[in-house]
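Dumped input.pdb below, it's PDB, C-alpha atoms:
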ATOM      1  CA  MET A   1     -19.728 -57.354  50.885
ATOM      2  CA  ALA A   2     -20.253 -53.695  49.970
ATOM      3  CA  SER A   3     -20.889 -51.031  52.598
ATOM      4  CA  LEU A   4     -24.432 -50.230  53.690
ATOM      5  CA  VAL A   5     -24.191 -46.740  52.200
ATOM      6  CA  THR A   6     -23.416 -48.365  48.841
ATOM      7  CA  LEU A   7     -26.085 -51.049  49.194
ATOM      8  CA  THR A   8     -28.800 -48.477  49.901
ATOM      9  CA  TYR A   9     -27.641 -46.105  47.169
ATOM     10  CA  SER A  10     -31.037 -45.811  45.496
ATOM     11  CA  GLN A  11     -32.993 -45.041  48.685
ATOM     12  CA  PRO A  12     -34.283 -41.498  49.314
ATOM     13  CA  THR A  13     -32.432 -39.263  51.749
ATOM     14  CA  ARG A  14     -33.709 -37.068  54.543
ATOM     15  CA  ASN A  15     -32.007 -33.933  55.815
ATOM     16  CA  LEU A  16     -32.149 -33.262  59.542
ATOM     17  CA  ALA A  17     -31.575 -29.882  61.157
ATOM     18  CA  ALA A  18     -29.577 -29.624  64.392
ATOM     19  CA  GLY A  19     -31.741 -30.901  67.252
ATOM     20  CA  GLU A  20     -34.327 -32.551  65.007
ATOM     21  CA  VAL A  21     -35.592 -35.918  66.219
ATOM     22  CA  LEU A  22     -35.337 -38.822  63.758
ATOM     23  CA  VAL A  23     -37.060 -41.486  65.886
ATOM     24  CA  HIS A  24     -38.805 -41.258  69.246
ATOM     25  CA  GLU A  25     -38.419 -43.853  71.983
ATOM     26  CA  GLY A  26     -41.712 -45.757  72.262
ATOM     27  CA  ASP A  27     -42.925 -44.972  68.742
ATOM     28  CA  ARG A  28     -43.763 -47.765  66.342
ATOM     29  CA  GLY A  29     -40.632 -48.468  64.291
ATOM     30  CA  GLY A  30     -40.286 -50.375  61.049
ATOM     31  CA  ASP A  31     -38.178 -47.944  59.036
ATOM     32  CA  LEU A  32     -34.428 -48.208  58.780
ATOM     33  CA  TYR A  33     -32.039 -45.274  58.455
ATOM     34  CA  VAL A  34     -28.434 -45.335  57.299
ATOM     35  CA  LEU A  35     -26.282 -42.364  58.295
ATOM     36  CA  GLU A  36     -24.722 -40.639  55.311
ATOM     37  CA  SER A  37     -23.197 -37.616  57.041
ATOM     38  CA  GLY A  38     -23.435 -35.693  60.287
ATOM     39  CA  ARG A  39     -23.729 -36.836  63.870
ATOM     40  CA  LEU A  40     -26.640 -38.375  65.808
ATOM     41  CA  VAL A  41     -27.233 -38.770  69.532
ATOM     42  CA  VAL A  42     -28.963 -41.878  70.917
ATOM     43  CA  GLU A  43     -30.850 -41.579  74.236
ATOM     44  CA  ARG A  44     -32.617 -44.276  76.192
ATOM     45  CA  SER A  45     -34.819 -43.246  79.149
ATOM     46  CA  GLY A  46     -33.205 -39.798  79.095
ATOM     47  CA  THR A  47     -29.657 -41.157  79.234
ATOM     48  CA  VAL A  48     -27.322 -40.564  76.285
ATOM     49  CA  ILE A  49     -26.092 -44.032  75.337
ATOM     50  CA  ALA A  50     -24.268 -43.362  72.087
ATOM     51  CA  ARG A  51     -23.221 -40.889  69.429
ATOM     52  CA  LEU A  52     -23.176 -42.032  65.809
ATOM     53  CA  SER A  53     -20.982 -40.312  63.253
ATOM     54  CA  GLU A  54     -19.601 -43.099  61.049
ATOM     55  CA  PRO A  55     -21.182 -43.107  57.590
ATOM     56  CA  GLY A  56     -23.098 -46.389  57.322
ATOM     57  CA  ALA A  57     -24.209 -46.397  60.975
ATOM     58  CA  LEU A  58     -27.672 -47.898  61.399
ATOM     59  CA  VAL A  59     -30.714 -46.448  63.130
ATOM     60  CA  GLY A  60     -33.960 -48.338  63.683
ATOM     61  CA  GLU A  61     -32.605 -51.816  62.950
ATOM     62  CA  MET A  62     -33.616 -53.154  66.352
ATOM     63  CA  SER A  63     -37.277 -52.257  65.950
ATOM     64  CA  VAL A  64     -37.289 -53.477  62.344
ATOM     65  CA  LEU A  65     -35.996 -56.875  63.430
ATOM     66  CA  THR A  66     -37.911 -57.347  66.650
ATOM     67  CA  GLY A  67     -41.116 -55.553  65.647
ATOM     68  CA  ALA A  68     -40.952 -53.793  69.010
ATOM     69  CA  PRO A  69     -41.348 -50.012  69.359
ATOM     70  CA  ASN A  70     -38.189 -47.897  69.082
ATOM     71  CA  SER A  71     -36.102 -48.491  72.189
ATOM     72  CA  ALA A  72     -34.309 -45.140  71.972
ATOM     73  CA  THR A  73     -34.713 -41.554  70.816
ATOM     74  CA  VAL A  74     -32.312 -40.511  68.062
ATOM     75  CA  ARG A  75     -31.674 -36.830  67.449
ATOM     76  CA  ALA A  76     -29.376 -34.902  65.107
ATOM     77  CA  GLU A  77     -26.581 -33.163  66.981
ATOM     78  CA  GLY A  78     -25.837 -30.956  63.978
ATOM     79  CA  PRO A  79     -27.116 -31.001  60.414
ATOM     80  CA  ALA A  80     -27.235 -34.642  59.271
ATOM     81  CA  ILE A  81     -28.301 -36.656  56.244
ATOM     82  CA  VAL A  82     -29.729 -40.177  56.463
ATOM     83  CA  ARG A  83     -30.790 -42.703  53.814
ATOM     84  CA  VAL A  84     -34.361 -43.816  54.456
ATOM     85  CA  VAL A  85     -35.426 -47.433  53.980
ATOM     86  CA  ALA A  86     -39.179 -47.359  54.540
ATOM     87  CA  ASP A  87     -40.893 -50.675  55.355
ATOM     88  CA  ALA A  88     -37.435 -52.092  55.907
ATOM     89  CA  MET A  89     -38.477 -55.691  56.570
ATOM     90  CA  ARG A  90     -39.811 -56.056  53.037
ATOM     91  CA  TYR A  91     -36.727 -54.380  51.625
ATOM     92  CA  ILE A  92     -34.372 -56.642  53.579
ATOM     93  CA  ASN A  93     -36.289 -59.732  52.502
ATOM     94  CA  ARG A  94     -35.426 -58.887  48.915
ATOM     95  CA  GLN A  95     -31.822 -57.886  49.739
ATOM     96  CA  PRO A  96     -30.126 -60.692  51.660
ATOM     97  CA  GLU A  97     -26.743 -58.889  51.524
ATOM     98  CA  VAL A  98     -28.284 -56.095  53.559
ATOM     99  CA  ALA A  99     -29.557 -58.633  56.085
ATOM    100  CA  VAL A 100     -26.100 -60.229  56.384
ATOM    101  CA  HIS A 101     -24.580 -56.780  56.754
ATOM    102  CA  ILE A 102     -26.968 -55.861  59.553
ATOM    103  CA  ALA A 103     -26.237 -59.161  61.299
ATOM    104  CA  THR A 104     -22.512 -58.405  61.024
ATOM    105  CA  VAL A 105     -22.865 -54.939  62.521
ATOM    106  CA  LEU A 106     -24.853 -56.402  65.431
ATOM    107  CA  ALA A 107     -22.279 -59.174  65.905
ATOM    108  CA  GLN A 108     -19.498 -56.548  66.120
ATOM    109  CA  ARG A 109     -21.367 -54.772  68.882
ATOM    110  CA  LEU A 110     -21.934 -58.037  70.760
ATOM    111  CA  ASP A 111     -18.288 -58.956  70.377
ATOM    112  CA  ALA A 112     -17.061 -55.562  71.620
ATOM    113  CA  THR A 113     -19.375 -55.777  74.637
ATOM    114  CA  SER A 114     -18.331 -59.308  75.409
ATOM    115  CA  ALA A 115     -14.649 -58.299  75.338
ATOM    116  CA  VAL A 116     -15.237 -55.386  77.744
ATOM    117  CA  LEU A 117     -17.269 -57.616  80.067
ATOM    118  CA  ALA A 118     -14.469 -60.189  80.174
ATOM    119  CA  GLU A 119     -11.987 -57.375  80.896
ATOM    120  CA  VAL A 120     -14.106 -55.894  83.693
ATOM    121  CA  ARG A 121     -14.691 -59.308  85.247
ATOM    122  CA  GLY A 122     -10.963 -59.960  85.262
ATOM    123  CA  GLU A 123     -10.160 -56.720  87.078
ATOM    124  CA  ALA A 124      -9.413 -57.182  90.741
ATOM    125  CA  GLY A 125     -11.503 -55.579  93.432
ATOM    126  CA  ALA A 126     -15.024 -56.005  92.120
ATOM    127  CA  SER A 127     -17.379 -56.296  95.090
ATOM    128  CA  PRO A 128     -19.833 -59.233  95.332
ATOM    129  CA  ALA A 129     -22.625 -56.819  94.303
ATOM    130  CA  GLU A 130     -20.650 -55.815  91.216
ATOM    131  CA  GLN A 131     -19.894 -59.440  90.396
ATOM    132  CA  SER A 132     -23.586 -60.257  90.563
ATOM    133  CA  ARG A 133     -24.397 -57.359  88.206
ATOM    134  CA  LEU A 134     -21.731 -58.556  85.799
ATOM    135  CA  SER A 135     -23.198 -62.077  85.858
ATOM    136  CA  ARG A 136     -26.611 -60.685  84.951
ATOM    137  CA  LEU A 137     -25.035 -58.770  82.080
ATOM    138  CA  VAL A 138     -23.323 -61.921  80.809
ATOM    139  CA  THR A 139     -26.654 -63.756  80.860
ATOM    140  CA  ALA A 140     -28.327 -60.930  78.935
ATOM    141  CA  LEU A 141     -25.521 -60.777  76.424
ATOM    142  CA  PHE A 142     -25.370 -64.499  75.725
ATOM    143  CA  ALA A 143     -28.944 -65.585  76.156
ATOM    144  CA  GLY A 144     -30.836 -62.394  75.290
ATOM    145  CA  LYS A 145     -32.649 -62.526  78.621
ATOM    146  CA  SER A 146     -32.514 -59.723  81.114
ATOM    147  CA  GLY A 147     -34.063 -61.704  84.000
TER     148      GLY A 147
ATOM    149  CA  MET B   1     -40.860 -65.406  61.874
ATOM    150  CA  ALA B   2     -40.314 -69.113  61.288
ATOM    151  CA  ASN B   3     -37.974 -71.099  63.499
ATOM    152  CA  LEU B   4     -34.422 -71.552  62.201
ATOM    153  CA  LEU B   5     -34.943 -75.311  62.148
ATOM    154  CA  ALA B   6     -37.879 -74.904  59.766
ATOM    155  CA  LEU B   7     -35.733 -72.701  57.513
ATOM    156  CA  THR B   8     -32.838 -75.158  57.316
ATOM    157  CA  THR B   9     -34.517 -78.527  56.760
ATOM    158  CA  GLY B  10     -32.475 -80.892  54.651
ATOM    159  CA  LEU B  11     -29.053 -79.745  55.894
ATOM    160  CA  ALA B  12     -26.576 -82.350  57.140
ATOM    161  CA  THR B  13     -26.500 -83.042  60.872
ATOM    162  CA  ARG B  14     -23.810 -83.953  63.359
ATOM    163  CA  THR B  15     -24.323 -85.832  66.596
ATOM    164  CA  LEU B  16     -22.149 -85.152  69.633
ATOM    165  CA  ASP B  17     -21.695 -87.463  72.590
ATOM    166  CA  ARG B  18     -21.830 -86.098  76.095
ATOM    167  CA  GLY B  19     -18.619 -84.141  76.783
ATOM    168  CA  GLU B  20     -17.637 -83.889  73.130
ATOM    169  CA  LEU B  21     -16.361 -80.514  71.860
ATOM    170  CA  LEU B  22     -18.103 -78.721  69.011
ATOM    171  CA  LEU B  23     -15.869 -75.645  68.932
ATOM    172  CA  GLU B  24     -12.772 -74.661  70.830
ATOM    173  CA  ALA B  25     -11.821 -71.122  71.823
ATOM    174  CA  GLY B  26      -9.012 -69.838  69.632
ATOM    175  CA  GLU B  27      -9.809 -72.233  66.788
ATOM    176  CA  GLU B  28      -9.750 -70.639  63.320
ATOM    177  CA  ALA B  29     -13.117 -69.709  61.807
ATOM    178  CA  SER B  30     -14.332 -72.541  59.583
ATOM    179  CA  GLY B  31     -17.160 -70.525  58.059
ATOM    180  CA  ASP B  32     -19.686 -73.049  59.362
ATOM    181  CA  MET B  33     -22.563 -72.294  61.683
ATOM    182  CA  TYR B  34     -24.640 -74.782  63.722
ATOM    183  CA  ILE B  35     -28.259 -74.968  64.768
ATOM    184  CA  LEU B  36     -29.239 -77.051  67.780
ATOM    185  CA  GLU B  37     -31.817 -79.744  67.016
ATOM    186  CA  THR B  38     -31.816 -81.645  70.295
ATOM    187  CA  GLY B  39     -29.666 -81.859  73.402
ATOM    188  CA  ARG B  40     -27.834 -79.319  75.487
ATOM    189  CA  LEU B  41     -24.553 -77.434  75.083
ATOM    190  CA  THR B  42     -22.398 -75.326  77.371
ATOM    191  CA  VAL B  43     -20.483 -72.209  76.333
ATOM    192  CA  GLU B  44     -17.225 -71.632  78.212
ATOM    193  CA  ARG B  45     -14.674 -68.859  78.109
ATOM    194  CA  ASP B  46     -11.442 -69.071  80.115
ATOM    195  CA  GLY B  47     -12.808 -72.069  81.995
ATOM    196  CA  VAL B  48     -15.951 -70.231  83.132
ATOM    197  CA  THR B  49     -19.349 -71.422  81.891
ATOM    198  CA  LEU B  50     -21.069 -68.397  80.361
ATOM    199  CA  ALA B  51     -24.256 -69.984  79.131
ATOM    200  CA  THR B  52     -26.141 -73.214  78.633
ATOM    201  CA  ILE B  53     -27.928 -73.708  75.327
ATOM    202  CA  GLY B  54     -30.866 -76.112  75.278
ATOM    203  CA  GLU B  55     -33.477 -74.516  73.055
ATOM    204  CA  PRO B  56     -34.017 -76.230  69.711
ATOM    205  CA  GLY B  57     -33.218 -73.704  66.973
ATOM    206  CA  ALA B  58     -30.428 -72.016  68.964
ATOM    207  CA  LEU B  59     -27.550 -70.744  66.865
ATOM    208  CA  ILE B  60     -23.863 -71.573  67.443
ATOM    209  CA  GLY B  61     -20.778 -70.185  65.694
ATOM    210  CA  GLU B  62     -22.518 -67.234  64.038
ATOM    211  CA  MET B  63     -20.180 -64.648  65.578
ATOM    212  CA  SER B  64     -17.100 -66.234  64.081
ATOM    213  CA  VAL B  65     -18.900 -66.614  60.731
ATOM    214  CA  LEU B  66     -20.006 -62.980  60.621
ATOM    215  CA  LEU B  67     -16.806 -61.472  61.985
ATOM    216  CA  GLY B  68     -14.386 -63.874  60.328
ATOM    217  CA  THR B  69     -12.543 -64.198  63.632
ATOM    218  CA  ALA B  70     -11.386 -67.215  65.638
ATOM    219  CA  HIS B  71     -13.926 -68.742  68.021
ATOM    220  CA  SER B  72     -14.040 -66.765  71.259
ATOM    221  CA  ALA B  73     -15.595 -69.528  73.330
ATOM    222  CA  THR B  74     -15.536 -73.300  73.722
ATOM    223  CA  VAL B  75     -18.813 -75.111  73.072
ATOM    224  CA  ARG B  76     -19.270 -78.604  74.494
ATOM    225  CA  ALA B  77     -22.124 -81.091  74.599
ATOM    226  CA  GLU B  78     -23.494 -81.378  78.114
ATOM    227  CA  ALA B  79     -25.725 -84.231  76.950
ATOM    228  CA  LYS B  80     -25.930 -86.138  73.704
ATOM    229  CA  SER B  81     -26.850 -83.492  71.100
ATOM    230  CA  THR B  82     -27.706 -83.219  67.431
ATOM    231  CA  LEU B  83     -26.846 -80.149  65.386
ATOM    232  CA  ARG B  84     -27.624 -79.034  61.903
ATOM    233  CA  ILE B  85     -24.564 -77.856  59.964
ATOM    234  CA  VAL B  86     -24.776 -74.703  57.872
ATOM    235  CA  ASP B  87     -21.766 -75.117  55.635
ATOM    236  CA  ASN B  88     -20.254 -71.847  54.297
ATOM    237  CA  ALA B  89     -22.807 -69.896  56.271
ATOM    238  CA  VAL B  90     -22.283 -66.428  54.764
ATOM    239  CA  ALA B  91     -23.022 -67.749  51.262
ATOM    240  CA  PHE B  92     -26.004 -69.667  52.656
ATOM    241  CA  MET B  93     -27.405 -66.497  54.278
ATOM    242  CA  GLU B  94     -26.881 -64.490  51.105
ATOM    243  CA  ARG B  95     -29.136 -66.997  49.340
ATOM    244  CA  SER B  96     -31.628 -67.208  52.220
ATOM    245  CA  PRO B  97     -32.706 -63.768  53.424
ATOM    246  CA  LEU B  98     -35.018 -65.255  56.049
ATOM    247  CA  VAL B  99     -32.130 -67.094  57.678
ATOM    248  CA  ALA B 100     -29.971 -63.938  57.564
ATOM    249  CA  LEU B 101     -32.819 -61.977  59.125
ATOM    250  CA  HIS B 102     -33.256 -64.584  61.806
ATOM    251  CA  VAL B 103     -29.553 -64.485  62.666
ATOM    252  CA  ALA B 104     -29.704 -60.679  62.865
ATOM    253  CA  THR B 105     -32.821 -60.857  65.044
ATOM    254  CA  LEU B 106     -31.178 -63.182  67.557
ATOM    255  CA  ALA B 107     -28.160 -60.831  67.818
ATOM    256  CA  CYS B 108     -30.576 -57.964  68.215
ATOM    257  CA  ALA B 109     -32.406 -59.638  71.108
ATOM    258  CA  ARG B 110     -29.103 -60.113  72.923
ATOM    259  CA  LEU B 111     -28.098 -56.470  72.404
ATOM    260  CA  ASP B 112     -31.492 -55.233  73.440
ATOM    261  CA  ALA B 113     -31.564 -57.272  76.651
ATOM    262  CA  THR B 114     -28.064 -56.091  77.559
ATOM    263  CA  SER B 115     -28.834 -52.476  76.745
ATOM    264  CA  ALA B 116     -32.025 -52.502  78.849
ATOM    265  CA  LEU B 117     -30.147 -53.999  81.778
ATOM    266  CA  LEU B 118     -27.327 -51.458  81.460
ATOM    267  CA  VAL B 119     -29.805 -48.559  81.521
ATOM    268  CA  GLU B 120     -31.422 -50.029  84.631
ATOM    269  CA  MET B 121     -28.031 -50.484  86.311
ATOM    270  CA  ARG B 122     -26.808 -47.029  85.310
ATOM    271  CA  ASN B 123     -29.780 -45.469  87.093
ATOM    272  CA  GLN B 124     -28.930 -47.296  90.344
ATOM    273  CA  ALA B 125     -25.159 -47.489  90.182
ATOM    274  CA  SER B 126     -22.736 -45.915  92.610
ATOM    275  CA  LYS B 127     -20.209 -43.368  91.324
ATOM    276  CA  SER B 128     -17.443 -45.959  91.290
ATOM    277  CA  GLU B 129     -19.442 -48.181  88.942
ATOM    278  CA  GLN B 130     -20.369 -45.448  86.458
ATOM    279  CA  GLY B 131     -17.032 -45.709  84.670
ATOM    280  CA  MET B 132     -17.399 -49.440  84.136
ATOM    281  CA  LEU B 133     -20.976 -49.044  82.852
ATOM    282  CA  SER B 134     -19.878 -46.274  80.487
ATOM    283  CA  ARG B 135     -17.252 -48.560  79.007
ATOM    284  CA  LEU B 136     -19.895 -51.233  78.454
ATOM    285  CA  PHE B 137     -22.267 -48.713  76.851
ATOM    286  CA  GLY B 138     -19.496 -47.537  74.566
ATOM    287  CA  ALA B 139     -18.818 -51.092  73.422
ATOM    288  CA  LEU B 140     -22.496 -51.964  73.020
ATOM    289  CA  ASN B 141     -23.101 -48.999  70.773
ATOM    290  CA  SER B 142     -19.747 -49.023  69.051
ATOM    291  CA  ALA B 143     -19.576 -47.803  65.481
ATOM    292  CA  PRO B 144     -19.375 -50.342  62.690
ATOM    293  CA  ARG B 145     -15.944 -51.221  61.435
ATOM    294  CA  ALA B 146     -15.060 -52.964  58.190
ATOM    295  CA  ALA B 147     -16.175 -56.597  58.379
ATOM    296  CA  ALA B 148     -13.613 -59.289  57.783
ATOM    297  CA  HIS B 149     -15.477 -60.783  54.844
ATOM    298  CA  GLU B 150     -16.036 -57.517  53.006
TER     299      GLU B 150
END
Please go through the file and, once you have read it, give me the structure as structure tokens.
Amino acid sequence: MASLVTLTYSQPTRNLAAGEVLVHEGDRGGDLYVLESGRLVVERSGTVIARLSEPGALVGEMSVLTGAPNSATVRAEGPAIVRVVADAMRYINRQPEVAVHIATVLAQRLDATSAVLAEVRGEAGASPAEQSRLSRLVTALFAGKSG
Amino acid sequence: MANLLALTTGLATRTLDRGELLLEAGEEASGDMYILETGRLTVERDGVTLATIGEPGALIGEMSVLLGTAHSATVRAEAKSTLRIVDNAVAFMERSPLVALHVATLACARLDATSALLVEMRNQASKSEQGMLSRLFGALNSAPRAAAHE
């Protein structure tokens, strides 16, 4: 399987200036972006939840797949270049390797989270309140339900 | 988006008796993925039940298929169950974009639910818990690494 940067070689690019917003939390999504160079900051409800700097990192994949509005705001921390896949669902439907690649990236994130959760649960001294929070996280992670 | 069962009609099935194991933690990746038709399964890790799967169309084994790693959990039939077998699942998904998309969407729903819950918890957490939540955030949003089947 080739890298996402390779797979999306023919897509147009967009240059972002430092501080420029790529996607806004709450906006209608549907486009997919693949980081070519630079660094992006991801914020959810005003909290910074991630920084992306690896070429091939994905932005917008969650809203493309779920059809829900963007769940986070993504901003360039310095000058950055992204590949733009407009109307990504149609594109992915014609490019199954891209779909498998996206699924793999998501699976890696699930796996990393699951490993940390197992680690945290195994650490001594978690209070009953903490244990109950961890149980809710396990349910969300395995069943996709936050209830 | 169509149900996974509708997208995989015609695939071979396997029936498990109550208590029978489908996958065992630590077992090498076979490259196969399963879709629940009927019945109910439990997912266990280190002897602790993490989840119960009872919804027709639920996916099992996709993590090991996508990551090329050994199974991280044991999956057992809690009641008599029938599963559809997706043999050589990566090749199957590369021929069936809708199935690949569906698999990605299910992973996405799990990440999204976890991320939403983490944000909620971070806003209420005590100082001592912030470190733990930061570690979870870091993992949830970790950068892609080379996939095993690349």
Would you give the centre and edge lengths, in Å to one decimal, of a box along x, y and z around the listed atoms of segment 63-82 of chain B, with 5 Å added to each side, as JSON?
{"center_x": -19.5, "center_y": -73.8, "center_z": 69.2, "size_x": 26.3, "size_y": 34.7, "size_z": 27.8}
Between B:Asn141, B:Pro97, B:Leu106, B:Ala29, which is the closest to Leu118 of chain B once you count all atoms listed in the file?
-> B:Asn141
Counting all atoms listed in the file, the residue of A:Leu52, A:Val34, A:Val23, A:Leu110 that sits nearest Pro69 of chain A | A:Val23
What would the selection look like, as an mmCIF file with C-alpha atoms, in the coordinates of the input, if the PyMOL selection byres ((chain B) within 7 of (chain A)) were run on the coordinates I just shared?
data_model
loop_
_atom_site.group_PDB
_atom_site.id
_atom_site.type_symbol
_atom_site.label_atom_id
_atom_site.label_comp_id
_atom_site.auth_asym_id
_atom_site.auth_seq_id
_atom_site.Cartn_x
_atom_site.Cartn_y
_atom_site.Cartn_z
ATOM 1 C CA LEU B 50 -21.069 -68.397 80.361
ATOM 2 C CA ALA B 51 -24.256 -69.984 79.131
ATOM 3 C CA MET B 63 -20.180 -64.648 65.578
ATOM 4 C CA LEU B 66 -20.006 -62.980 60.621
ATOM 5 C CA LEU B 67 -16.806 -61.472 61.985
ATOM 6 C CA MET B 93 -27.405 -66.497 54.278
ATOM 7 C CA GLU B 94 -26.881 -64.490 51.105
ATOM 8 C CA ARG B 95 -29.136 -66.997 49.340
ATOM 9 C CA SER B 96 -31.628 -67.208 52.220
ATOM 10 C CA PRO B 97 -32.706 -63.768 53.424
ATOM 11 C CA LEU B 98 -35.018 -65.255 56.049
ATOM 12 C CA ALA B 100 -29.971 -63.938 57.564
ATOM 13 C CA LEU B 101 -32.819 -61.977 59.125
ATOM 14 C CA VAL B 103 -29.553 -64.485 62.666
ATOM 15 C CA ALA B 104 -29.704 -60.679 62.865
ATOM 16 C CA THR B 105 -32.821 -60.857 65.044
ATOM 17 C CA ALA B 107 -28.160 -60.831 67.818
ATOM 18 C CA CYS B 108 -30.576 -57.964 68.215
ATOM 19 C CA ALA B 109 -32.406 -59.638 71.108
ATOM 20 C CA ARG B 110 -29.103 -60.113 72.923
ATOM 21 C CA LEU B 111 -28.098 -56.470 72.404
ATOM 22 C CA ALA B 113 -31.564 -57.272 76.651
ATOM 23 C CA THR B 114 -28.064 -56.091 77.559
ATOM 24 C CA LEU B 117 -30.147 -53.999 81.778
ATOM 25 C CA LEU B 136 -19.895 -51.233 78.454
ATOM 26 C CA PHE B 137 -22.267 -48.713 76.851
ATOM 27 C CA GLY B 138 -19.496 -47.537 74.566
ATOM 28 C CA ALA B 139 -18.818 -51.092 73.422
ATOM 29 C CA LEU B 140 -22.496 -51.964 73.020
ATOM 30 C CA ASN B 141 -23.101 -48.999 70.773
ATOM 31 C CA SER B 142 -19.747 -49.023 69.051
ATOM 32 C CA ALA B 143 -19.576 -47.803 65.481
ATOM 33 C CA PRO B 144 -19.375 -50.342 62.690
ATOM 34 C CA HIS B 149 -15.477 -60.783 54.844
ATOM 35 C CA GLU B 150 -16.036 -57.517 53.006
#
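In this structure, atom CA of Asn3 of chain B sits 18.3 Å away from atom CA of Ser81 of chain B.
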Distance in Å - atom CA of Thr9 of chain B versus atom CA of His71 of chain B =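 Those two atoms sit 25.4 Å apart.
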Which residues would end up in the selection if the PyMOL selection byres ((chain A and resi 73) around 6) were applied here, given that I need the answer as a PDB file with C-alpha atoms, in the coordinates of the input?
ATOM      1  CA  VAL A  23     -37.060 -41.486  65.886  1.00  0.00           C
ATOM      2  CA  HIS A  24     -38.805 -41.258  69.246  1.00  0.00           C
ATOM      3  CA  GLU A  25     -38.419 -43.853  71.983  1.00  0.00           C
ATOM      4  CA  VAL A  42     -28.963 -41.878  70.917  1.00  0.00           C
ATOM      5  CA  GLU A  43     -30.850 -41.579  74.236  1.00  0.00           C
ATOM      6  CA  ALA A  72     -34.309 -45.140  71.972  1.00  0.00           C
ATOM      7  CA  VAL A  74     -32.312 -40.511  68.062  1.00  0.00           C
TER       8      VAL A  74
END
